[in-house]
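Colleague: This is protein.txt, which holds compact mmCIF, C-alpha atoms:
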# COMPACT_ATOMS: atom_id res chain seq x y z
CA MET B 1 90.80 24.78 40.66
CA SER B 2 91.33 21.82 42.99
CA GLU B 3 90.65 18.25 41.95
CA GLN B 4 87.88 18.12 44.56
CA LEU B 5 85.99 20.93 42.84
CA ARG B 6 86.42 19.37 39.40
CA HIS B 7 84.17 16.51 40.56
CA ASP B 8 81.66 18.77 42.32
CA PRO B 9 79.63 20.41 39.54
CA LEU B 10 76.76 22.84 39.84
CA ILE B 11 73.80 21.34 38.01
CA ILE B 12 71.24 23.72 36.51
CA ALA B 13 68.47 22.41 34.26
CA GLY B 14 70.35 19.13 33.84
CA LYS B 15 73.60 20.75 32.69
CA GLU B 16 76.85 20.62 34.68
CA TYR B 17 78.96 23.70 35.41
CA SER B 18 82.38 23.78 37.04
CA SER B 19 81.93 27.40 38.17
CA ARG B 20 79.43 28.31 40.89
CA LEU B 21 79.74 32.01 40.17
CA LEU B 22 77.04 33.56 37.99
CA VAL B 23 77.56 37.12 36.78
CA GLY B 24 75.57 39.94 35.24
CA THR B 25 76.45 42.22 32.37
CA GLY B 26 75.25 45.65 33.49
CA LYS B 27 77.08 48.79 34.70
CA TYR B 28 80.36 48.22 32.85
CA ARG B 29 82.02 51.01 30.87
CA ASP B 30 81.66 49.20 27.57
CA LEU B 31 81.21 45.76 26.05
CA ASP B 32 84.95 45.11 26.03
CA GLU B 33 85.21 45.58 29.80
CA THR B 34 82.13 43.39 30.18
CA ARG B 35 83.78 40.62 28.18
CA ARG B 36 87.10 40.84 30.04
CA ALA B 37 85.49 40.90 33.48
CA ILE B 38 83.38 37.85 32.70
CA GLU B 39 86.46 36.01 31.47
CA ALA B 40 88.33 36.92 34.67
CA SER B 41 85.44 35.69 36.80
CA GLY B 42 85.48 32.21 35.30
CA ALA B 43 81.68 32.27 35.22
CA GLN B 44 79.88 30.01 32.77
CA ILE B 45 76.35 31.35 33.30
CA VAL B 46 75.86 35.01 32.39
CA THR B 47 72.62 36.84 33.07
CA VAL B 48 71.30 39.56 30.77
CA ALA B 49 68.60 42.15 31.48
CA VAL B 50 66.49 41.84 28.33
CA ARG B 51 64.70 45.15 28.88
CA ARG B 52 67.97 47.08 29.25
CA THR B 53 70.39 45.25 26.99
CA ASN B 54 70.38 44.65 23.26
CA ILE B 55 70.51 40.96 22.41
CA GLY B 56 69.18 41.43 18.90
CA GLN B 57 65.97 43.39 19.35
CA ASN B 58 67.69 46.64 18.26
CA ARG B 59 69.46 45.83 15.02
CA ASP B 60 71.28 49.17 14.74
CA GLU B 61 72.92 48.96 18.19
CA PRO B 62 75.87 46.87 19.47
CA ASN B 63 74.72 43.39 20.41
CA LEU B 64 75.88 42.04 23.77
CA LEU B 65 75.90 38.53 22.36
CA ASP B 66 78.74 39.53 20.03
CA ALA B 67 80.91 40.11 23.13
CA VAL B 68 79.46 37.34 25.30
CA SER B 69 78.87 34.47 22.93
CA PRO B 70 76.11 31.93 23.62
CA GLU B 71 78.51 29.36 22.18
CA LYS B 72 80.85 29.96 25.12
CA TYR B 73 78.44 30.87 27.92
CA THR B 74 74.98 29.86 29.04
CA ILE B 75 72.99 33.05 28.63
CA LEU B 76 70.40 33.61 31.36
CA PRO B 77 67.88 36.26 30.25
CA ASN B 78 66.38 38.05 33.24
CA THR B 79 63.34 40.25 33.78
CA ALA B 80 65.05 43.14 35.61
CA GLY B 81 62.94 46.26 35.40
CA CYS B 82 59.64 44.39 35.46
CA TYR B 83 57.06 45.28 38.12
CA THR B 84 54.22 42.95 37.12
CA ALA B 85 54.00 39.27 36.33
CA GLU B 86 52.61 40.05 32.89
CA ASP B 87 55.59 42.26 31.99
CA ALA B 88 58.00 39.59 33.20
CA VAL B 89 56.32 36.86 31.17
CA ARG B 90 56.28 39.07 28.08
CA THR B 91 60.00 39.76 28.53
CA CYS B 92 60.82 36.06 28.80
CA LYS B 93 58.85 35.32 25.67
CA LEU B 94 60.78 38.04 23.83
CA ALA B 95 64.07 36.48 24.96
CA ARG B 96 62.91 33.05 23.81
CA GLU B 97 62.04 34.44 20.42
CA LEU B 98 65.33 36.33 20.04
CA MET B 99 67.38 33.32 21.16
CA ASP B 100 65.80 30.61 19.02
CA GLY B 101 63.69 28.91 21.67
CA HIS B 102 65.99 29.42 24.66
CA ASP B 103 63.91 28.50 27.72
CA LEU B 104 66.20 29.05 30.74
CA VAL B 105 65.31 32.38 32.37
CA LYS B 106 65.75 34.28 35.60
CA LEU B 107 62.51 35.72 36.92
CA GLU B 108 62.54 38.84 39.04
CA VAL B 109 59.48 40.99 39.63
CA LEU B 110 60.27 44.11 41.63
CA GLY B 111 58.12 45.95 44.12
CA ASP B 112 59.46 49.50 43.92
CA GLN B 113 62.28 51.51 42.39
CA LYS B 114 63.85 52.64 45.67
CA THR B 115 64.58 49.23 47.21
CA LEU B 116 64.19 46.90 44.20
CA TYR B 117 62.75 44.47 46.73
CA PRO B 118 60.86 41.59 45.11
CA ASN B 119 57.08 41.76 44.82
CA ILE B 120 56.34 38.26 46.05
CA VAL B 121 52.68 38.17 44.98
CA GLU B 122 53.64 39.04 41.40
CA THR B 123 56.70 36.76 41.54
CA LEU B 124 54.56 33.75 42.47
CA LYS B 125 52.09 34.64 39.73
CA GLY B 126 54.84 35.07 37.12
CA ALA B 127 56.59 31.84 38.12
CA GLU B 128 53.38 29.85 37.72
CA MET B 129 52.72 31.34 34.28
CA LEU B 130 56.26 30.73 33.03
CA VAL B 131 56.48 27.16 34.30
CA LYS B 132 53.18 26.33 32.64
CA ASP B 133 54.55 27.80 29.40
CA GLY B 134 57.54 25.47 29.45
CA PHE B 135 60.22 27.81 30.78
CA LYS B 136 62.97 26.63 33.12
CA VAL B 137 62.74 29.27 35.82
CA MET B 138 65.43 30.43 38.20
CA VAL B 139 63.69 32.87 40.52
CA TYR B 140 64.85 35.88 42.55
CA THR B 141 62.96 36.18 45.82
CA ASN B 142 63.18 37.41 49.39
CA ASP B 143 64.64 35.28 52.18
CA ASP B 144 61.29 33.86 53.32
CA PRO B 145 61.61 30.06 53.68
CA ILE B 146 57.88 29.52 53.09
CA VAL B 147 57.88 31.47 49.83
CA ALA B 148 61.07 29.74 48.70
CA LYS B 149 59.45 26.33 49.19
CA GLN B 150 56.31 27.45 47.33
CA LEU B 151 58.41 28.52 44.36
CA GLU B 152 60.19 25.17 44.34
CA GLU B 153 56.92 23.24 44.52
CA MET B 154 55.56 25.38 41.71
CA GLY B 155 58.30 24.01 39.47
CA CYS B 156 61.13 26.55 39.60
CA ILE B 157 64.46 24.82 38.97
CA ALA B 158 66.48 27.10 41.27
CA VAL B 159 65.53 29.55 44.02
CA MET B 160 67.64 32.68 44.50
CA PRO B 161 67.01 34.51 47.78
CA LEU B 162 68.57 37.93 48.24
CA GLY B 163 71.49 38.42 50.58
CA SER B 164 70.49 42.07 50.87
CA LEU B 165 69.08 44.70 48.52
CA ILE B 166 70.18 44.67 44.87
CA GLY B 167 73.33 46.70 44.36
CA SER B 168 73.64 47.56 48.06
CA GLY B 169 76.86 45.69 48.80
CA LEU B 170 75.63 45.03 52.34
CA GLY B 171 76.41 41.32 52.22
CA ILE B 172 74.25 38.54 53.66
CA LEU B 173 72.14 40.20 56.36
CA ASN B 174 70.04 37.19 57.35
CA PRO B 175 72.15 34.04 57.06
CA HIS B 176 69.80 32.13 59.36
CA ASN B 177 66.91 32.39 56.90
CA ILE B 178 69.16 31.37 54.02
CA ARG B 179 70.10 28.25 55.99
CA LEU B 180 66.43 27.49 56.65
CA ILE B 181 65.71 27.78 52.92
CA MET B 182 68.58 25.41 52.07
CA GLU B 183 67.52 22.84 54.68
CA ALA B 184 64.08 22.50 53.11
CA ALA B 185 65.14 22.68 49.46
CA ASN B 186 65.44 20.01 46.80
CA VAL B 187 66.65 22.46 44.14
CA PRO B 188 69.79 24.63 44.04
CA ILE B 189 69.70 27.68 46.31
CA LEU B 190 71.85 30.56 45.10
CA VAL B 191 72.37 33.89 46.84
CA ASP B 192 71.33 36.68 44.48
CA ALA B 193 71.90 40.36 45.29
CA GLY B 194 73.74 42.25 48.00
CA VAL B 195 77.23 40.78 47.69
CA GLY B 196 79.82 43.55 48.05
CA THR B 197 83.20 41.87 48.23
CA ALA B 198 84.94 38.51 48.17
CA SER B 199 84.30 37.67 51.82
CA ASP B 200 80.52 37.94 51.23
CA ALA B 201 80.75 35.44 48.40
CA ALA B 202 82.93 33.10 50.43
CA LEU B 203 80.46 33.20 53.32
CA ALA B 204 77.57 32.22 51.06
CA MET B 205 79.54 29.25 49.80
CA GLU B 206 80.75 28.23 53.27
CA MET B 207 77.10 28.12 54.34
CA GLY B 208 76.42 25.58 51.60
CA CYS B 209 74.75 27.69 48.93
CA ALA B 210 74.91 26.14 45.49
CA GLY B 211 76.22 29.35 43.98
CA VAL B 212 76.17 33.13 43.98
CA LEU B 213 74.93 35.58 41.36
CA MET B 214 76.41 39.08 41.31
CA ASN B 215 76.87 42.09 39.08
CA THR B 216 77.46 45.39 40.90
CA ALA B 217 80.06 43.89 43.25
CA ILE B 218 82.29 43.38 40.21
CA ALA B 219 81.18 46.16 37.84
CA GLY B 220 81.12 48.75 40.63
CA ALA B 221 84.58 47.94 41.98
CA ARG B 222 87.46 50.35 41.41
CA ASP B 223 89.12 47.60 39.35
CA PRO B 224 86.39 45.31 37.96
CA LEU B 225 88.80 42.83 36.40
CA LEU B 226 90.71 42.36 39.64
CA MET B 227 87.50 42.03 41.63
CA ALA B 228 86.20 39.46 39.15
CA SER B 229 89.33 37.42 39.78
CA ALA B 230 88.90 37.82 43.55
CA MET B 231 85.29 36.62 43.36
CA ARG B 232 86.33 33.59 41.38
CA LYS B 233 88.80 32.60 44.10
CA ALA B 234 86.35 33.39 46.90
CA ILE B 235 83.67 31.13 45.41
CA GLU B 236 86.14 28.28 45.04
CA ALA B 237 87.63 28.75 48.53
CA GLY B 238 84.20 28.97 50.14
CA ARG B 239 83.03 25.80 48.43
CA GLU B 240 86.17 23.93 49.43
CA ALA B 241 85.72 25.06 53.04
CA TYR B 242 82.11 23.85 52.98
CA LEU B 243 83.12 20.46 51.60
CA ALA B 244 85.99 20.18 54.08
CA GLY B 245 83.74 20.91 57.07
CA ARG B 246 84.82 23.61 59.48
CA MET B 247 86.10 22.83 62.97
CA PRO B 248 83.53 23.13 65.77
CA ARG B 249 83.26 26.45 67.57
CA LYS B 250 84.47 26.17 71.17
CA LYS B 251 84.01 28.35 74.22
CA TYR B 252 87.63 28.00 75.37
CA ALA B 253 91.12 27.60 73.94
CA SER B 254 92.35 24.33 72.52
CA ALA B 255 96.13 23.92 72.07
CA SER B 256 97.32 23.14 68.56
CA SER B 257 99.90 20.72 69.97
CA PRO B 258 99.00 17.93 72.44
CA MET B 259 100.06 18.33 76.05
CA ASP B 260 100.99 14.65 76.54
CA GLY B 261 104.68 14.07 77.01
CA ILE B 262 105.51 17.76 77.40
CA ILE B 263 108.93 18.43 78.92
For the file at hand, write its structure as structure tokens.

Modeller:
Amino acid sequence: MSEQLRHDPLIIAGKEYSSRLLVGTGKYRDLDETRRAIEASGAQIVTVAVRRTNIGQNRDEPNLLDAVSPEKYTILPNTAGCYTAEDAVRTCKLARELMDGHDLVKLEVLGDQKTLYPNIVETLKGAEMLVKDGFKVMVYTNDDPIVAKQLEEMGCIAVMPLGSLIGSGLGILNPHNIRLIMEAANVPILVDAGVGTASDAALAMEMGCAGVLMNTAIAGARDPLLMASAMRKAIEAGREAYLAGRMPRKKYASASSPMDGII
């Protein structure tokens, strides 16, 4: 990591992180591959689907937290698989109980099983309930700038618009809306969902996103460990490019060497 990035932390809920890559824990072959892929990614925030993963609620099953230690990573319980605000709130409360008062959560309330597109009415309702209950809410949403601002004003600490559908690998389909969301935001904006390969992650960072959350792009790769390493580099390169400031786009050629004094 460059010296520039060492002094450019991602700040979530008042805590500084050197990595701007957030990763999930689903779809791996086993817990050992999960652990190794997360290590290769360099991520410091790891999201866990409470309804699909054992973090202590099933005492007779392997516990993910034995492979991904809360002492090493910030665990971000999420509400994947929830289709109502009430279910999402209940899931977050379960995570808080299992993790000794842990209050940082990722809210996602889905609309249907085919697209996994967010149900915005239920998302807004769930966000309001969780914020009032003292949770620090990072929220998955669509790429609507108005909704994103409402979620921020409601008290969410980070807004996470989709790049494209969850697990689709289609990349960022509407970069203009993501830019509009960032322009109006006073909280971190992270692309969540749709990243397929390293160039998608780099693009999100070049645009100025605070970070990127992904799971399937790594776990679904032919070589998850190698892809995790690629994503780590892409996030860093994209952030450096954003900080450096790209050259202006021009309609015509511009010689790399000056013409003055040419023989």

Colleague: Quick one: residues within 9 Å of Met227 of chain B, only C-alpha atoms, excluding same-chain residues fewer than 5 positions away - as a list in words?

Modeller: Ala37, Ala40, Ser41, Thr197, Ala198, Ala217, Ile218, Ala219, Ala221, Arg222 and Arg232 of chain B

Colleague: Hey, what's within 12 Å of Met160 of chain B if we count all atoms listed in the file and toss same-chain stuff fewer than 2 positions away? As a ChimeraX atom specification, please?

Modeller: /B:22,106-108,118,137-145,147-149,151-152,156-158,162-164,178,181-182,185,187-194,204,209-214

Colleague: Would you mind exporting the chosen residues as a compact mmCIF listing (two decimals), in the frame of the given file, restricted to C-alpha atoms?

Modeller:
# COMPACT_ATOMS: atom_id res chain seq x y z
CA LEU B 22 77.04 33.56 37.99
CA LYS B 106 65.75 34.28 35.60
CA LEU B 107 62.51 35.72 36.92
CA GLU B 108 62.54 38.84 39.04
CA PRO B 118 60.86 41.59 45.11
CA VAL B 137 62.74 29.27 35.82
CA MET B 138 65.43 30.43 38.20
CA VAL B 139 63.69 32.87 40.52
CA TYR B 140 64.85 35.88 42.55
CA THR B 141 62.96 36.18 45.82
CA ASN B 142 63.18 37.41 49.39
CA ASP B 143 64.64 35.28 52.18
CA ASP B 144 61.29 33.86 53.32
CA PRO B 145 61.61 30.06 53.68
CA VAL B 147 57.88 31.47 49.83
CA ALA B 148 61.07 29.74 48.70
CA LYS B 149 59.45 26.33 49.19
CA LEU B 151 58.41 28.52 44.36
CA GLU B 152 60.19 25.17 44.34
CA CYS B 156 61.13 26.55 39.60
CA ILE B 157 64.46 24.82 38.97
CA ALA B 158 66.48 27.10 41.27
CA LEU B 162 68.57 37.93 48.24
CA GLY B 163 71.49 38.42 50.58
CA SER B 164 70.49 42.07 50.87
CA ILE B 178 69.16 31.37 54.02
CA ILE B 181 65.71 27.78 52.92
CA MET B 182 68.58 25.41 52.07
CA ALA B 185 65.14 22.68 49.46
CA VAL B 187 66.65 22.46 44.14
CA PRO B 188 69.79 24.63 44.04
CA ILE B 189 69.70 27.68 46.31
CA LEU B 190 71.85 30.56 45.10
CA VAL B 191 72.37 33.89 46.84
CA ASP B 192 71.33 36.68 44.48
CA ALA B 193 71.90 40.36 45.29
CA GLY B 194 73.74 42.25 48.00
CA ALA B 204 77.57 32.22 51.06
CA CYS B 209 74.75 27.69 48.93
CA ALA B 210 74.91 26.14 45.49
CA GLY B 211 76.22 29.35 43.98
CA VAL B 212 76.17 33.13 43.98
CA LEU B 213 74.93 35.58 41.36
CA MET B 214 76.41 39.08 41.31

Colleague: Might you pull out every residue within 10 Å of Gly155 of chain B, with all atoms listed in the file counted and same-chain residues fewer than 6 positions away left off, and present them as a list in words?

Modeller: Ala127, Glu128, Leu130, Val131, Lys132, Phe135, Lys136, Val137, Met138 and Val187 of chain B

Colleague: For a test of reading the model, state the distance in Å between atom CA of Gly126 of chain B and atom CA of Tyr17 of chain B, rounded to one decimal.

Modeller: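 Interatomic distance, atom CA of Gly126 of chain B to atom CA of Tyr17 of chain B: 26.7 Å.
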
Colleague: Given the point (86.3, 28.6, 50.7) in the coordinates of this file, which residues lie within 9 Å, counting all atoms listed in the file, and how would they look as a list in words?

Modeller: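 The residues that fall inside the cut-off are Ala202, Leu203, Met205, Glu206, Lys233, Ala234, Ile235, Glu236, Ala237, Gly238, Arg239, Glu240, Ala241, Tyr242 and Leu243 of chain B.
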
Colleague: Would you pick out the contacts of segment 65-75 of chain B at 7 Å or less, using all atoms listed in the file, so that residues sharing its chain but fewer than 5 positions from it are not included, and give the list as a list in words?

Modeller: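 Once the nearby chain positions are removed, what remains is Leu31, Arg35, Gln44, Ile45, Val46, Thr47 and Ile55 of chain B.
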
Colleague: Do you have the atom CA of Ala85 of chain B-atom CA of Glu122 of chain B distance handy?

Modeller: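 Those two atoms sit 5.1 Å apart.
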
Colleague: Could you tell me how far atom CA of Leu170 of chain B lies from atom CA of Asp32 of chain B, in Å and to one decimal?

Modeller: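 Straight-line distance from atom CA of Leu170 of chain B to atom CA of Asp32 of chain B works out to 27.9 Å.
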